[in-house]
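Structure file run-v8.cif; described as mmCIF, C-alpha atoms.
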data_final
loop_
_atom_site.label_atom_id
_atom_site.label_comp_id
_atom_site.auth_asym_id
_atom_site.auth_seq_id
_atom_site.Cartn_x
_atom_site.Cartn_y
_atom_site.Cartn_z
CA MET A 1 16.62 -46.45 27.97
CA LYS A 2 12.99 -47.35 27.43
CA ARG A 3 11.99 -43.71 27.91
CA LEU A 4 14.63 -42.62 25.41
CA LYS A 5 13.23 -45.03 22.83
CA ILE A 6 9.74 -43.69 23.38
CA ILE A 7 10.93 -40.10 23.02
CA SER A 8 12.84 -40.90 19.83
CA PHE A 9 9.80 -42.66 18.39
CA TYR A 10 7.61 -39.71 19.30
CA ASN A 11 10.03 -37.34 17.68
CA ASN A 12 10.28 -39.51 14.60
CA GLU A 13 6.51 -39.58 14.31
CA LYS A 14 6.43 -35.80 14.60
CA VAL A 15 9.08 -35.45 11.91
CA LEU A 16 7.19 -37.93 9.77
CA ILE A 17 3.96 -35.97 10.13
CA ARG A 18 5.69 -32.67 9.39
CA LYS A 19 7.27 -34.11 6.26
CA ALA A 20 3.96 -35.62 5.17
CA ILE A 21 2.28 -32.22 5.62
CA SER A 22 4.88 -30.65 3.34
CA GLY A 23 3.95 -33.25 0.70
CA HIS A 24 6.96 -35.53 1.09
CA PRO A 25 5.84 -38.77 -0.66
CA ASN A 26 8.14 -41.05 1.35
CA ALA A 27 6.79 -39.74 4.65
CA GLN A 28 3.23 -40.22 3.46
CA ARG A 29 4.07 -43.74 2.36
CA ALA A 30 5.68 -44.47 5.75
CA ILE A 31 2.55 -43.36 7.58
CA TYR A 32 0.40 -45.47 5.30
CA GLU A 33 2.60 -48.55 5.72
CA LYS A 34 2.54 -48.18 9.47
CA PHE A 35 -1.19 -47.76 10.00
CA ALA A 36 -2.92 -49.24 6.93
CA PRO A 37 -3.27 -52.87 8.19
CA LYS A 38 -4.75 -51.77 11.51
CA MET A 39 -7.10 -49.31 9.83
CA LEU A 40 -8.30 -51.89 7.32
CA GLY A 41 -9.08 -54.09 10.35
CA VAL A 42 -11.13 -51.24 11.84
CA CYS A 43 -13.03 -50.69 8.59
CA ARG A 44 -13.59 -54.42 8.25
CA GLN A 45 -15.35 -54.48 11.66
CA TYR A 46 -18.07 -52.25 10.21
CA ILE A 47 -18.13 -53.39 6.58
CA LYS A 48 -18.53 -57.05 5.79
CA ASP A 49 -17.14 -56.86 2.26
CA LEU A 50 -13.34 -56.52 2.38
CA HIS A 51 -13.15 -54.66 -0.96
CA TYR A 52 -15.60 -52.04 0.22
CA ALA A 53 -13.77 -51.90 3.54
CA GLU A 54 -10.56 -51.23 1.64
CA ASP A 55 -12.24 -48.48 -0.41
CA VAL A 56 -13.37 -46.90 2.83
CA MET A 57 -9.85 -47.17 4.21
CA ILE A 58 -8.43 -45.53 1.06
CA ASN A 59 -10.89 -42.64 1.37
CA GLY A 60 -10.03 -42.43 5.06
CA PHE A 61 -6.30 -42.14 4.34
CA VAL A 62 -6.91 -39.51 1.71
CA LYS A 63 -8.78 -37.50 4.36
CA VAL A 64 -5.96 -38.16 6.83
CA PHE A 65 -3.35 -36.69 4.47
CA LYS A 66 -5.57 -33.80 3.48
CA SER A 67 -6.27 -32.84 7.08
CA LEU A 68 -2.85 -33.58 8.58
CA ASN A 69 -2.50 -29.87 9.31
CA SER A 70 -5.37 -30.04 11.77
CA PHE A 71 -3.66 -32.72 13.92
CA ARG A 72 -2.56 -30.90 17.08
CA HIS A 73 -0.43 -33.68 18.67
CA GLU A 74 -2.72 -33.62 21.71
CA GLY A 75 -3.80 -37.27 21.54
CA SER A 76 -2.25 -40.28 19.86
CA PHE A 77 -1.79 -40.10 16.11
CA GLU A 78 -3.14 -43.64 15.72
CA GLY A 79 -6.29 -42.71 17.67
CA TRP A 80 -6.79 -39.69 15.41
CA ILE A 81 -6.49 -41.81 12.25
CA ARG A 82 -8.77 -44.47 13.77
CA GLN A 83 -11.42 -41.85 14.46
CA ILE A 84 -11.32 -40.73 10.83
CA MET A 85 -11.66 -44.34 9.66
CA VAL A 86 -14.65 -45.01 11.94
CA ARG A 87 -16.44 -41.88 10.75
CA GLU A 88 -15.67 -42.77 7.14
CA ALA A 89 -17.10 -46.29 7.63
CA ILE A 90 -20.24 -44.93 9.27
CA SER A 91 -20.63 -42.38 6.48
CA TYR A 92 -20.26 -45.14 3.91
CA LEU A 93 -22.88 -47.36 5.54
CA ARG A 94 -25.32 -44.48 5.89
CA LYS A 95 -24.81 -43.44 2.27
CA LYS A 96 -25.58 -46.95 1.13
CA GLN A 97 -28.68 -46.88 3.37
CA PHE A 98 -27.68 -50.12 5.02
CA VAL A 99 -28.38 -48.77 8.45
CA VAL A 100 -31.84 -48.99 9.94
CA PHE A 101 -32.13 -48.03 13.57
CA ASP A 102 -34.92 -49.82 15.35
CA ASP A 103 -36.48 -47.40 17.83
CA GLU A 104 -38.34 -50.10 19.70
CA VAL A 105 -37.90 -49.57 23.45
CA CYS A 106 -36.38 -52.54 25.23
CA GLU A 107 -36.42 -53.72 28.80
CA TYR A 108 -32.83 -53.59 30.09
CA ASN A 109 -33.66 -55.38 33.34
CA THR A 110 -32.57 -58.79 32.27
CA PRO A 111 -28.78 -59.02 32.34
CA ASN A 112 -27.09 -60.07 29.11
CA GLN A 113 -24.35 -62.35 30.27
CA ILE A 114 -22.76 -63.90 27.22
CA THR A 115 -20.88 -67.06 27.89
CA ILE A 116 -17.53 -66.96 26.17
CA SER A 117 -15.05 -69.51 25.13
CA SER A 118 -11.36 -68.66 25.29
CA SER A 119 -10.79 -70.52 22.08
CA MET A 120 -12.88 -68.02 20.09
CA ASP A 121 -10.62 -66.63 17.34
CA ILE A 122 -10.83 -63.36 15.48
CA GLU A 123 -12.49 -64.85 12.43
CA TYR A 124 -15.24 -66.42 14.51
CA ILE A 125 -15.91 -63.20 16.42
CA GLN A 126 -15.82 -61.20 13.20
CA ARG A 127 -18.30 -63.57 11.64
CA LEU A 128 -20.64 -63.18 14.63
CA ILE A 129 -20.48 -59.39 14.34
CA ASP A 130 -20.89 -59.48 10.57
CA ASN A 131 -24.15 -61.37 10.95
CA LEU A 132 -25.65 -58.62 13.11
CA PRO A 133 -27.97 -56.09 11.41
CA GLU A 134 -26.10 -52.92 10.40
CA GLY A 135 -27.75 -50.70 13.03
CA TYR A 136 -27.00 -53.16 15.87
CA LYS A 137 -23.52 -53.85 14.58
CA MET A 138 -22.56 -50.21 14.34
CA VAL A 139 -23.59 -49.36 17.89
CA PHE A 140 -22.08 -52.57 19.25
CA VAL A 141 -18.68 -51.98 17.60
CA LEU A 142 -18.63 -48.30 18.59
CA TYR A 143 -19.51 -49.12 22.18
CA ALA A 144 -17.83 -52.45 22.83
CA ILE A 145 -14.71 -52.19 20.67
CA GLU A 146 -14.03 -48.48 20.12
CA GLY A 147 -15.15 -47.51 23.63
CA TYR A 148 -17.44 -44.60 22.73
CA LYS A 149 -20.15 -43.50 25.19
CA HIS A 150 -23.83 -43.64 24.27
CA ARG A 151 -23.90 -39.83 24.11
CA GLU A 152 -21.01 -39.81 21.61
CA ILE A 153 -22.59 -42.61 19.57
CA ALA A 154 -25.86 -40.70 19.48
CA GLU A 155 -24.06 -37.65 18.14
CA MET A 156 -22.10 -39.62 15.59
CA LEU A 157 -25.05 -41.55 14.23
CA ASP A 158 -27.52 -38.70 14.66
CA ILE A 159 -29.77 -40.78 16.92
CA THR A 160 -30.96 -40.45 20.52
CA GLU A 161 -29.05 -41.93 23.41
CA SER A 162 -31.92 -44.29 24.22
CA THR A 163 -31.88 -45.58 20.64
CA SER A 164 -28.16 -46.23 21.01
CA LYS A 165 -28.79 -48.15 24.25
CA SER A 166 -31.61 -50.22 22.76
CA GLN A 167 -29.45 -51.03 19.71
CA LEU A 168 -26.70 -52.26 22.00
CA PHE A 169 -29.14 -54.33 24.06
CA LYS A 170 -30.54 -55.97 20.96
CA ALA A 171 -27.08 -56.63 19.58
CA ARG A 172 -26.08 -58.37 22.80
CA ARG A 173 -29.24 -60.47 22.86
CA LEU A 174 -28.73 -61.51 19.25
CA LEU A 175 -25.11 -62.42 19.88
CA GLN A 176 -26.17 -64.49 22.90
CA GLU A 177 -28.61 -66.36 20.77
CA LYS A 178 -25.99 -66.98 18.10
CA LEU A 179 -23.47 -68.19 20.65
CA ASN A 180 -26.05 -70.49 22.17
CA GLU A 181 -26.82 -71.89 18.74
CA GLN A 182 -23.14 -72.43 18.10
CA SER A 183 -22.60 -74.14 21.46
CA ILE A 184 -25.50 -76.50 20.72
CA LEU A 185 -24.06 -77.24 17.30
CA GLY A 186 -20.59 -77.53 18.82
CA TYR A 187 -18.19 -74.62 18.33
CA GLY A 188 -14.78 -75.61 17.15
CA THR A 189 -15.88 -78.68 15.26
CA HIS A 190 -16.25 -76.79 11.98
CA MET B 1 -24.96 -51.20 30.84
CA GLU B 2 -21.38 -52.02 31.54
CA PRO B 3 -19.30 -53.93 28.97
CA THR B 4 -19.56 -57.65 29.56
CA LYS B 5 -16.68 -60.10 29.70
CA PHE B 6 -17.58 -61.18 26.18
CA GLU B 7 -17.33 -57.61 24.97
CA ASN B 8 -13.98 -57.11 26.67
CA HIS B 9 -12.75 -60.29 25.05
CA ILE B 10 -13.97 -59.12 21.65
CA LYS B 11 -12.32 -55.76 22.22
CA GLU B 12 -8.99 -57.31 23.11
CA THR B 13 -9.17 -59.69 20.18
CA LEU B 14 -10.36 -57.26 17.51
CA LYS B 15 -8.32 -54.23 18.61
CA GLY B 16 -5.15 -55.92 17.47
CA SER B 17 -6.64 -57.31 14.31
CA GLU B 18 -4.73 -56.35 11.15
CA ILE B 19 -5.55 -56.99 7.52
CA LYS B 20 -2.99 -56.39 4.82
CA PRO B 21 -4.38 -54.06 2.14
CA SER B 22 -4.07 -54.87 -1.56
CA GLU B 23 -0.99 -53.74 -3.51
CA ASP B 24 -2.72 -50.99 -5.47
CA ALA B 25 -4.32 -49.39 -2.39
CA TRP B 26 -1.40 -47.00 -1.89
CA ASP B 27 -1.36 -46.07 -5.59
CA LYS B 28 -5.02 -45.06 -5.32
CA ILE B 29 -4.29 -42.94 -2.26
CA LYS B 30 -1.20 -41.42 -3.87
CA GLY B 31 -3.16 -40.56 -7.00
CA GLN B 32 -5.81 -38.75 -5.00
CA ILE B 33 -3.28 -36.92 -2.82
CA LYS B 34 -1.25 -35.91 -5.88
CA ASN B 35 -4.38 -34.51 -7.51
CA GLU B 36 -5.00 -32.60 -4.31
CA TYR B 37 -1.47 -31.18 -4.04
CA GLU B 38 -0.80 -30.39 -7.72
CA PRO B 39 -3.60 -27.88 -8.36
CA LYS B 40 -2.56 -26.03 -5.24
CA ARG B 41 1.01 -25.79 -6.46
CA THR B 42 0.03 -24.74 -9.97
CA GLY B 43 -2.40 -22.29 -8.40
CA TYR B 44 0.37 -20.70 -6.42
CA PHE B 45 2.57 -20.76 -9.52
CA TRP B 46 -0.01 -18.91 -11.61
CA TYR B 47 -0.71 -16.53 -8.73
CA GLY B 48 3.04 -15.81 -8.63
CA ILE B 49 3.17 -15.16 -12.37
CA ALA B 50 0.10 -12.92 -12.17
CA ALA B 51 1.58 -11.00 -9.22
CA GLY B 52 4.88 -10.58 -11.08
CA PHE B 53 3.12 -9.34 -14.19
CA ILE B 54 1.05 -6.85 -12.20
CA GLY B 55 4.21 -5.70 -10.42
CA ILE B 56 5.99 -5.12 -13.72
CA LEU B 57 2.97 -3.21 -15.03
CA ILE B 58 2.85 -0.98 -11.95
CA LEU B 59 6.59 -0.33 -12.05
CA SER B 60 6.56 0.47 -15.75
CA ALA B 61 3.55 2.74 -15.29
CA LEU B 62 5.29 4.56 -12.45
CA TYR B 63 8.50 4.81 -14.45
CA PHE B 64 6.84 6.29 -17.52
CA LYS B 65 4.65 8.56 -15.42
CA THR B 66 7.66 10.01 -13.60
CA ASP B 67 9.43 10.47 -16.93
CA ASP B 68 6.47 12.41 -18.29
CA VAL B 69 6.35 14.57 -15.17
CA THR B 70 10.04 15.42 -15.35
CA LEU B 71 9.79 16.18 -19.05
CA ASN B 72 6.83 18.44 -18.42
CA GLN B 73 8.68 20.13 -15.59
CA GLU B 74 11.70 20.66 -17.77
CA VAL B 75 9.59 22.16 -20.52
CA GLN B 76 7.75 24.36 -18.07
CA VAL B 77 10.93 25.60 -16.44
CA ALA B 78 12.79 26.09 -19.64
CA ALA B 79 9.86 27.74 -21.40
CA LYS B 80 10.09 30.98 -19.39
CA PRO B 81 13.80 31.77 -19.71
CA SER B 82 13.91 30.72 -23.34
CA ILE B 83 12.12 33.89 -24.42
CA PRO B 84 14.63 36.38 -22.98
CA PHE B 85 17.44 34.14 -24.11
CA VAL B 86 16.25 34.31 -27.69
CA GLU B 87 15.80 38.07 -27.37
CA LYS B 88 19.33 38.40 -26.04
CA GLU B 89 20.61 36.27 -28.86
CA LYS B 90 18.81 38.49 -31.34
CA GLU B 91 20.39 41.53 -29.74
CA LYS B 92 23.79 39.89 -29.96
CA GLU B 93 23.20 39.02 -33.58
CA GLU B 94 22.26 42.62 -34.28
CA LEU B 95 25.44 43.79 -32.54
CA LEU B 96 27.56 41.32 -34.41
CA LYS B 97 25.97 42.24 -37.71
CA VAL B 98 27.74 45.61 -37.42
CA ALA B 99 31.20 44.12 -37.67
CA VAL B 100 30.70 40.50 -38.61
CA PRO B 101 30.12 39.52 -42.20
CA GLU B 102 27.12 37.54 -43.43
CA GLU B 103 28.84 34.18 -43.08
CA GLU B 104 29.30 34.76 -39.37
CA SER B 105 25.74 35.78 -38.81
CA LEU B 106 24.67 32.57 -40.48
CA ILE B 107 26.86 30.58 -38.13
CA THR B 108 25.46 32.31 -35.07
CA THR B 109 21.89 31.70 -36.16
CA VAL B 110 22.69 28.05 -36.69
CA GLU B 111 24.26 27.76 -33.27
CA ALA B 112 21.47 29.55 -31.46
CA PRO B 113 18.82 26.77 -31.65
CA TYR B 114 21.35 24.20 -30.52
CA GLU B 115 22.12 26.28 -27.47
CA ALA B 116 18.44 26.85 -26.89
CA GLU B 117 18.00 23.06 -26.78
CA GLU B 118 20.77 22.86 -24.24
CA GLU B 119 18.98 25.48 -22.23
CA LYS B 120 15.83 23.30 -22.11
CA SER B 121 17.65 20.65 -20.14
CA ILE B 122 18.35 23.11 -17.34
CA THR B 123 15.98 22.38 -14.49
CA MET B 124 17.37 24.62 -11.74
CA PRO B 125 16.22 28.16 -12.31
CA GLU B 126 19.02 29.57 -10.09
CA ARG B 127 21.67 28.36 -12.44
CA GLU B 128 20.04 29.81 -15.49
CA PRO B 129 21.82 33.18 -15.49
CA LYS B 130 25.19 31.46 -15.03
CA ARG B 131 24.51 29.09 -17.83
CA GLU B 132 23.38 31.91 -20.00
CA LEU B 133 26.60 33.71 -19.24
CA VAL B 134 28.66 30.68 -20.08
CA ILE B 135 26.78 30.08 -23.25
CA SER B 136 26.98 33.70 -24.25
CA GLU B 137 30.70 33.64 -23.49
CA ASP B 138 31.03 30.63 -25.69
CA THR B 139 29.20 32.33 -28.47
CA LYS B 140 31.26 35.46 -28.01
CA LEU B 141 34.46 33.47 -28.02
CA ALA B 142 33.26 31.63 -31.07
CA ASN B 143 32.48 34.94 -32.68
CA ALA B 144 35.84 36.31 -31.67
CA GLU B 145 37.53 33.29 -33.17
CA GLU B 146 35.48 33.79 -36.27
CA LEU B 147 36.63 37.36 -36.25
CA GLN B 148 40.20 36.26 -35.93
CA ASN B 149 39.90 33.60 -38.57
CA ASN B 150 37.74 35.61 -40.92
CA PRO B 151 38.58 39.25 -40.56
CA SER B 152 36.60 41.84 -42.42
CA GLU B 153 37.33 42.66 -45.97
CA GLY B 154 38.47 46.15 -44.98
CA SER B 155 41.32 44.76 -42.93
CA ASN B 156 42.54 42.37 -45.62
CA GLU B 157 45.19 44.81 -46.62
CA GLU B 158 46.35 45.07 -43.03
CA ILE B 159 46.52 41.29 -42.76
CA ASP B 160 48.58 41.08 -45.90
CA THR B 161 51.00 43.64 -44.53
CA LYS B 162 51.24 41.74 -41.25
CA ILE B 163 51.87 38.49 -43.05
CA ALA B 164 54.58 40.24 -45.02
CA GLU B 165 56.05 41.54 -41.76
CA VAL B 166 56.05 38.10 -40.19
CA LEU B 167 57.63 36.59 -43.27
CA ALA B 168 60.29 39.31 -43.21
CA ARG B 169 61.05 38.56 -39.57
CA VAL B 170 61.29 34.86 -40.26
CA ASN B 171 63.58 35.47 -43.20
CA ALA B 172 65.74 37.82 -41.12
CA LEU B 173 66.07 35.23 -38.38
CA GLU B 174 66.89 32.54 -40.92
CA VAL B 175 69.49 34.82 -42.51
CA ASN B 176 71.14 35.15 -39.08
CA ASN B 177 71.55 31.36 -39.19
CA LYS B 178 68.99 30.74 -36.52
CA GLU B 179 66.84 27.68 -36.73
CA LEU B 180 63.23 28.59 -36.16
CA THR B 181 61.00 26.22 -34.26
CA ASP B 182 57.25 25.81 -34.81
CA LEU B 183 56.59 27.44 -31.45
CA GLU B 184 58.51 30.54 -32.44
CA VAL B 185 56.60 30.78 -35.71
CA ASP B 186 53.30 30.31 -33.83
CA SER B 187 54.20 33.05 -31.33
CA LEU B 188 54.99 35.42 -34.18
CA LEU B 189 51.66 34.67 -35.83
CA ARG B 190 49.75 35.18 -32.54
CA GLN B 191 51.48 38.48 -32.01
CA ALA B 192 50.48 39.55 -35.48
CA GLN B 193 46.88 38.46 -34.80
CA LYS B 194 46.76 40.49 -31.61
CA GLU B 195 47.99 43.53 -33.38
CA ILE B 196 45.33 43.11 -36.06
CA LEU B 197 42.64 42.77 -33.40
CA THR B 198 43.73 45.89 -31.58
CA ASN B 199 43.72 47.76 -34.86
CA ASN B 200 40.23 46.45 -35.55
CA LEU B 201 39.05 47.68 -32.20
CA LEU B 202 38.63 51.13 -33.58
CA ASN B 203 36.35 51.29 -36.56
CA SER B 204 36.86 53.68 -39.41
CA ASP B 205 34.27 56.06 -37.95
CA ASN B 206 36.21 56.23 -34.65
CA THR B 207 33.62 54.02 -32.83
CA VAL B 208 34.60 51.05 -30.70
CA ASN B 209 33.68 47.58 -31.91
CA PRO B 210 32.01 46.02 -28.82
CA SER B 211 32.54 42.38 -29.73
CA THR B 212 36.24 42.88 -30.38
CA LEU B 213 36.59 44.81 -27.16
CA LEU B 214 34.81 42.05 -25.27
CA SER B 215 37.00 39.34 -26.73
CA GLN B 216 40.08 41.32 -25.81
CA VAL B 217 38.90 41.78 -22.26
CA GLU B 218 38.07 38.10 -22.01
CA GLU B 219 41.49 37.26 -23.29
CA GLU B 220 42.97 39.38 -20.54
CA LEU B 221 40.71 37.69 -18.03
CA ASP B 222 41.84 34.30 -19.25
CA GLN B 223 45.36 35.05 -18.15
CA SER B 224 46.45 32.49 -15.69
CA PHE B 225 47.08 33.29 -12.07
CA ARG B 226 50.77 32.59 -12.52
CA ASP B 227 51.02 35.18 -15.28
CA GLN B 228 49.34 37.72 -13.06
CA ILE B 229 51.80 37.02 -10.23
CA PHE B 230 54.67 37.26 -12.66
CA GLU B 231 53.40 40.59 -13.94
CA LYS B 232 53.08 41.93 -10.40
CA LEU B 233 56.58 40.79 -9.50
CA LYS B 234 57.92 42.28 -12.69
CA SER B 235 56.30 45.66 -12.04
CA GLY B 236 57.51 45.56 -8.41
CA TYR B 237 61.05 44.77 -9.52
CA ASN B 238 60.99 47.65 -12.01
CA LYS B 239 59.77 50.04 -9.32
CA VAL B 240 62.58 48.97 -6.96
CA ARG B 241 65.16 49.27 -9.71
CA THR B 242 64.07 52.78 -10.68
CA ALA B 243 64.00 53.78 -6.98
CA VAL B 244 67.61 52.53 -6.50
CA ALA B 245 68.71 54.30 -9.72
CA VAL B 246 67.10 57.57 -8.61
CA ARG B 247 68.81 57.34 -5.20
CA ASN B 248 72.20 56.68 -6.80
CA ASP B 249 71.76 59.73 -9.03
#
Exercise: express the given structure as structure tokens:
Amino acid sequence: MKRLKIISFYNNEKVLIRKAISGHPNAQRAIYEKFAPKMLGVCRQYIKDLHYAEDVMINGFVKVFKSLNSFRHEGSFEGWIRQIMVREAISYLRKKQFVVFDDEVCEYNTPNQITISSSMDIEYIQRLIDNLPEGYKMVFVLYAIEGYKHREIAEMLDITESTSKSQLFKARRLLQEKLNEQSILGYGTH
Amino acid sequence: MEPTKFENHIKETLKGSEIKPSEDAWDKIKGQIKNEYEPKRTGYFWYGIAAGFIGILILSALYFKTDDVTLNQEVQVAAKPSIPFVEKEKEKEELLKVAVPEEESLITTVEAPYEAEEEKSITMPEREPKRELVISEDTKLANAEELQNNPSEGSNEEIDTKIAEVLARVNALEVNNKELTDLEVDSLLRQAQKEILTNNLLNSDNTVNPSTLLSQVEEELDQSFRDQIFEKLKSGYNKVRTAVAVRND
């Protein structure tokens, strides 16, 4: 029964995509309604300002509908859209020249164990990430949240793998510091 | 550098994060997609119109070209036989001028160009002699009819006598209290015409009028197959009857 549901959903998604490719407005709207909230969340992880994040999402969806023909149904459709959104967000940040990659070589010997609290909500985490410099933030989100490898990040951001690693190290250290500050001040009392 | 527990926690928390977009976000997307789709459609539309127009042009060009070619061919084919045809017609006119009055010659000269035009439309050279024959027959028949309808001035007296004869026959039949039908009157007139034609066959200078002779022969040829059979049977019957009579004697 469960398998049948999955198959029917898969088929529906295929039909939806096919209709959207042929320019069916309802199918395009259905795809947008289904994935827009998640994709705005993705864009928001990279872009602090929600309005700009939404603009990036809009541009991302326009690209999605324009390049629907190139989707080969090999991976998940959501993953494909997500990839487009991430690239669009990176492109936006680079266009605005917000991103500065610090090539300073770091010592990775010291482990970065960040103490976490289970009561940390999305808003708090998002705020922590937002406060990171753009270069750190981008590599951290790509690595920690999206799951890209350093090699892939290096290709995407047109940097070296070592730069990607140092950016991640610095991002972790900064987050540790922030969390420590918050724990001293008393997280959850605000 | 493996992901830390903190990073896994962030991943789990943020992966499911959703933010509802503003109301006009879809309208913006739709507007941009529509702009993207519409030019393509209109492009195809105009391409279709252009292709159709070119197609019509090509077809019309081919159509007119083939027409020109066929016309040229017709002219070329008809140009060669037209010369002997005209010569033949001239010969015929000369022949007819011997017996036919001026009015007739005028008629034949008027008819000749019309027939020459008909000849132009003939594309198959093999059929040309046949057609010529048919046309010449037509002209001869027409001339013969003209001869019948407009006999020469010299034979006017003969016609008058024939008319008088026919009238006398009609009167005699009417006197015998017989009702004459139109068919009977027509047959009498035809008979009289035939007699006039046979008389006209020989000219005053004891020469044979070729056109009259031709028309007579054609008339004989026009006899139906049934008539021919009837004639044969009749002659056969006569032969048998005479043979029986001779034997009895």
Nearest to Lys19 (chain A), chosen from A:Phe65, A:Phe35, A:Tyr148, A:Tyr52, with all atoms listed in the file counted in the distances: A:Phe65
Determine, for each residue of chain A having at least one atom at most 6 Å from an atom of chain B, the closest pair of atoms and their separation in Å to one decimal, counting all atoms listed in the file; order by chain and ascending number, as JSON lines.
{"residue": "A:Pro37", "atom": "CA", "partner": "B:Ile19", "partner_atom": "CA", "distance": 4.8}
{"residue": "A:Lys38", "atom": "CA", "partner": "B:Glu18", "partner_atom": "CA", "distance": 4.6}
{"residue": "A:Leu40", "atom": "CA", "partner": "B:Ile19", "partner_atom": "CA", "distance": 5.8}
{"residue": "A:Gly41", "atom": "CA", "partner": "B:Glu18", "partner_atom": "CA", "distance": 5.0}
{"residue": "A:Ile58", "atom": "CA", "partner": "B:Ile29", "partner_atom": "CA", "distance": 5.9}
{"residue": "A:Val62", "atom": "CA", "partner": "B:Ile29", "partner_atom": "CA", "distance": 5.9}
{"residue": "A:Ile114", "atom": "CA", "partner": "B:Phe6", "partner_atom": "CA", "distance": 5.9}
{"residue": "A:Ile116", "atom": "CA", "partner": "B:Phe6", "partner_atom": "CA", "distance": 5.8}
{"residue": "A:Ala144", "atom": "CA", "partner": "B:Glu7", "partner_atom": "CA", "distance": 5.6}
{"residue": "A:Ile145", "atom": "CA", "partner": "B:Lys11", "partner_atom": "CA", "distance": 4.6}
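For the pair CA of Lys178 (chain A) and CA of Pro133 (chain A), the separation is 12.9 Å.
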Rounded to one decimal in Å, what is the spacing between CA of Asp24 (chain B) and CA of Glu146 (chain A)? 28.1 Å
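Interatomic distance, CA of Asp160 (chain B) against CA of Thr198 (chain B): 15.9 Å.
Applied to the shown file, the PyMOL selection byres ((chain B and resi 162) around 10) selects the residues B:Asn156, B:Glu157, B:Glu158, B:Ile159, B:Asp160, B:Thr161, B:Ile163, B:Ala164, B:Glu165, B:Val166, B:Leu167, B:Ala168, B:Leu189, B:Gln191, B:Ala192, B:Gln193, B:Glu195, B:Ile196.
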Name the residues captured by the PyMOL selection byres ((chain A and resi 89) around 12) when it is applied to the shown file; answer as a PyMOL selection string. chain A and resi 39-49+52-60+82-88+90-96+98-99+134+138+141-142+156-157
